[in-house]
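Scroll down for the structure; my scribbles are underneath it.
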6 protein chains.
Amino acid sequence: MTQSHSDANESRLERGKRALARIDGEAGQNVIAALADIAPDFATYVFEFPFGDIYSRPGLGVRDREIAAIASLAAMGNATPQLKVHIEAGLNVGLTREEITEVLMQMAVYAGFPAAVNGLFAAKEVFAAKRDFAPAT
Amino acid sequence: MTQSHSDANESRLERGKRALARIDGEAGQNVIAALADIAPDFATYVFEFPFGDIYSRPGLGVRDREIAAIASLAAMGNATPQLKVHIEAGLNVGLTREEITEVLMQMAVYAGFPAAVNGLFAAKEVFAAKRDFAPAT
Amino acid sequence: MTQSHSDANESRLERGKRALARIDGEAGQNVIAALADIAPDFATYVFEFPFGDIYSRPGLGVRDREIAAIASLAAMGNATPQLKVHIEAGLNVGLTREEITEVLMQMAVYAGFPAAVNGLFAAKEVFAAKRDFAPAT
Amino acid sequence: MTQSHSDANESRLERGKRALARIDGEAGQNVIAALADIAPDFATYVFEFPFGDIYSRPGLGVRDREIAAIASLAAMGNATPQLKVHIEAGLNVGLTREEITEVLMQMAVYAGFPAAVNGLFAAKEVFAAKRDFAPAT
Amino acid sequence: MTQSHSDANESRLERGKRALARIDGEAGQNVIAALADIAPDFATYVFEFPFGDIYSRPGLGVRDREIAAIASLAAMGNATPQLKVHIEAGLNVGLTREEITEVLMQMAVYAGFPAAVNGLFAAKEVFAAKRDFAPAT
Amino acid sequence: MTQSHSDANESRLERGKRALARIDGEAGQNVIAALADIAPDFATYVFEFPFGDIYSRPGLGVRDREIAAIASLAAMGNATPQLKVHIEAGLNVGLTREEITEVLMQMAVYAGFPAAVNGLFAAKEVFAAKRDFAPAT
């Protein structure tokens with residue numbers, strides 16, 4: 001289950017940059033860029049820990065990780081910008097619109113109907129911005 | 001994406017009972033039983049909506065649904081009994097201990113290290129109660 | 001305390017539609033309409049469970065239910081659109097502006113002053129949109 | 001809607017003590033007593049602000065205030081001791097067991113099924129401790 | 001540790017007004033003004049309890065209190081307007097931009113990366129509105 | 001404001017271990033030990049990110065960081081074990097019992113009275129376990 005922790009920081013950062021680019025795409029890059037002037041070290045941490053450490057672990061696939069990200073962010077209900085980034089990331093790594101919609105609907109069970117409805121509206125915005133009109137199902 | 005909503009309530013309840021028995025096993029039954037004297041109708045709702053409606057939908061597999069359940073409950077951090085039920089449910093539907101552990105570790109990113117640590121300790125209890133000593137990986 | 005669960009789904013949906021129309025009025029209808037393209041089944045669930053099941057139960061009056069709705073949504077502080085819908089619903093079912101204001105002020109005790117202040121500002125918007133200038137007291 | 005703010009602090013404290021004794025009874029007194037050694041001023045604040053200020057306001061009845069308290073505490077899900085105090089307070093001011101149970105069930109809508117279930121189990125403990133076996137309905 | 005509770009309310013209100021003006025400056029005054037028409041008594045309570053009681057206590061300096069305010073509001077993640085008020089207040093009482101940035105970054109540990117990122121973006125807005133372009137470090 | 005990110009991981013881990021030992025003492029070590037069998041890599045991450053990265057940054061003193069930790073954990077109200085660890089850590093790095101008590105009381109403002117009361121009770125347990133009977137002030 002482990003992976004080597006003896007890599008130099010440099011490669012941890014590089015690994016995180018590659019993972020973030022692959023998973024979050026442009027949306028993730030925009031967050032990093034917006035952090036650069038106020039907290040440049042924190043931008044580095046975002047590359048390193050969530051992406052260089054966690055997302056690069058072999059024990060769980062990236063599709064499964066995006067299900068977990070979308071579910072937790074929708075359930076907490078206080079991080080809409082990050083939820084949108086991960087809905088887009090979910091599409092990038094192979095989740096269908098229907099699967100994302102199902103995860104968000106399921107949040108009504110654990111976090112209440114408002115969390116699910118607000119998550120669905122966030123998805124609606126992300127899907128619309130993709131400007132392709134394939135139905136969700 | 002839809003499924004028929006014209007079923008009688010009876011079958012919705014029955015469908016939910018079957019889904020809960022298959023997914024949550026004994027842990028879920030215990031919750032229902034404990035509700036029976038104070039709020040018997042609510043026990044019925046637990047069968048009907050989360051299990052008869054949501055979990056019975058075809059758009060997302062039950063393994064994926066348990067990833068979403070574990071992630072959201074660990075992230076919210078205020079529903080430990082339900083988190084344990086769903087960690088056990090995750091094992092029941094084919095998630096490995098390693099995969100569950102990875103989902104919980106990932107929650108450090110979205111909900112903080114305490115949420116991840118407390119989720120991991122909940123998993124440790126559930127895994128130990130299973131009384132088989134296969135390593136998590 | 002129970003009510004029959006042997007009704008066909010059809011009437012559960014119908015009962016929910018009537019309850020939502022009576023309680024939430026136009027604001028609730030708009031939410032349902034906005035869900036129709038992304039998650040039409042979820043729109044159905046919103047009619048069925050919160051309104052067809054819960055709000056239609058005889059054990060607690062609808063005025064009391066709106067107090068509970070406004071209190072919980074203001075306390076959680078992460079579902080402002082739903083809080084506004086229920087502030088309007090509260091007015092629809094007979095809560096006075098003063099009573100709603102009192103519930104929101106009371107949330108300072110359980111959820112902190114920011115939750116109360118943000119709830120009061122949500123109420124201010126809803127009250128203003130009603131375009132009648134009767135004083136709150 | 002206002003009440004005089006020109007009372008001396010002494011009477012604000014006294015008013016709060018009377019309100020807390022009437023509403024929360026022994027359970028409230030125990031909390032105050034437990035605070036006395038670590039933060040005696042905070043015990044005073046608990047008398048003064050929630051009870052001397054908020055609960056003593058004329059704009060909303062104490063039965064309605066307990067509905068709001070139970071709803072918000074169950075929805076937040078992270079303050080079980082206080083939820084139990086207010087379930088007992090609800091009984092003290094005239095809410096029936098059925099009404100309290102209905103408020104808690106309704107929280108499934110706004111805060112998810114775990115919040116409702118955990119609230120119902122808290123109520124079950126409070127009702128049982130009352131040692132009278134009248135049915136909830 | 002105690003301070004006299006025998007002051008008349010008048011001076012409690014006055015003490016709160018002075019504290020709020022000194023700490024929160026214009027941002028705090030705007031919140032109070034916005035409350036005046038919907039809930040004037042609540043505006044009074046905001047002066048009295050948070051500022052007249054808590055912030056006026058001698059046991060903890062106002063700089064330390066603003067660290068606590070910024071940390072808690074960023075961690076909860078559902079009260080952005082109040083977080084901005086307290087970031088500005090932090091600057092008013094002597095916290096540097098770097099120190100505020102560090103507190104917000106640290107929230108990634110307890111409340112997750114989204115809470116930290118959203119807190120940093122709130123700080124960026126407040127710092128920019130100050131219209132002086134000294135670097136944060 | 002930056003510090004070198006070119007250190008090898010080894011020293012990041014070592015730096016984190018030293019920081020955790022100095023700040024959290026035995027309580028922190030126990031958490032790490034309890035993680036070792038279920039998620040050994042996560043124990044490493046706890047050393048590395050919160051302590052090796054964040055707590056080792058020069059921009060904010062460790063006493064200030066513990067104020068922020070105690071405030072945020074008490075406000076969220078769903079991580080009592082971690083709150084206790086940081087109350088003990090606060091004592092270790094020079095916060096007085098009175099200062100910790102003041103931070104917890106202040107949380108009533110942002111997160112409600114239950115969060116403050118539950119935080120004070122957590123502090124009471126930690127202070128009592130220290131078995132020295134110096135008064136809190």
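Scheme for the structure tokens: letters A, B, ... for chains in order shown; per-chain residue numbers from 1; ligand numbers from 1 in order shown.
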
Spatial neighbours of segment 21-26 of chain E, 12 Å, only C-alpha atoms, chain gap at least 4 places, as a PyMOL selection string: chain E and resi 14-17+30-33+47+50-52+55-56+61-63+65-66+69+82-95

Pull out every residue of chain E that has at least one atom within 10 Å of chain C, counting only C-alpha atoms, and report them as a PyMOL selection string. chain E and resi 31-32+34-35+37-39+41-43+45-46+49-50+73+76-83

If you run DSSP over the backbone, which residues in segment 2-135 of chain D end up helix (DSSP H, G or I)? Put them as a ChimeraX atom specification. /D:9-23,25-35,40-54,62-76,80-92,97-111,113-129

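We find atom CA of Gly28 of chain B and atom CA of Thr44 of chain C to be spaced 26.0 Å apart.
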
What's around Ser72 of chain F at 6 Å? Count only C-alpha atoms, leave out sequence neighbours fewer than 3 positions away in its own chain, and write the answer as a PDB file with N, CA, C and O atoms, in the first residue's frame.
```
ATOM      1  N   ALA E  71      -9.722  32.204  12.213  1.00  0.00           N
ATOM      2  CA  ALA E  71      -9.571  30.755  12.121  1.00  0.00           C
ATOM      3  C   ALA E  71     -10.931  30.059  12.126  1.00  0.00           C
ATOM      4  O   ALA E  71     -11.211  29.202  11.288  1.00  0.00           O
ATOM      5  N   SER E  72     -11.781  30.439  13.069  1.00  0.00           N
ATOM      6  CA  SER E  72     -13.046  29.724  13.198  1.00  0.00           C
ATOM      7  C   SER E  72     -13.967  30.007  12.015  1.00  0.00           C
ATOM      8  O   SER E  72     -14.618  29.093  11.490  1.00  0.00           O
ATOM      9  N   ALA E  75     -12.716  28.136   8.997  1.00  0.00           N
ATOM     10  CA  ALA E  75     -12.908  26.686   9.140  1.00  0.00           C
ATOM     11  C   ALA E  75     -14.363  26.289   8.901  1.00  0.00           C
ATOM     12  O   ALA E  75     -14.635  25.282   8.258  1.00  0.00           O
TER      13      ALA E  75
ATOM     14  N   ALA F  69      -5.801  26.764  16.031  1.00  0.00           N
ATOM     15  CA  ALA F  69      -6.220  25.355  16.044  1.00  0.00           C
ATOM     16  C   ALA F  69      -7.381  25.147  17.008  1.00  0.00           C
ATOM     17  O   ALA F  69      -8.386  24.508  16.673  1.00  0.00           O
ATOM     18  N   ALA F  75     -15.002  25.454  16.973  1.00  0.00           N
ATOM     19  CA  ALA F  75     -16.094  26.001  16.159  1.00  0.00           C
ATOM     20  C   ALA F  75     -16.740  24.930  15.290  1.00  0.00           C
ATOM     21  O   ALA F  75     -17.961  24.894  15.159  1.00  0.00           O
TER      22      ALA F  75
END
```

What is the distance between atom CA of Ile67 of chain C and atom CA of Glu99 of chain C, in Å to one decimal?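 Taking atom CA of Ile67 of chain C and atom CA of Glu99 of chain C, their separation equals 8.8 Å.
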
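Between atom CA of Ile100 of chain D and atom CA of Ala68 of chain C lies a distance of 10.5 Å.
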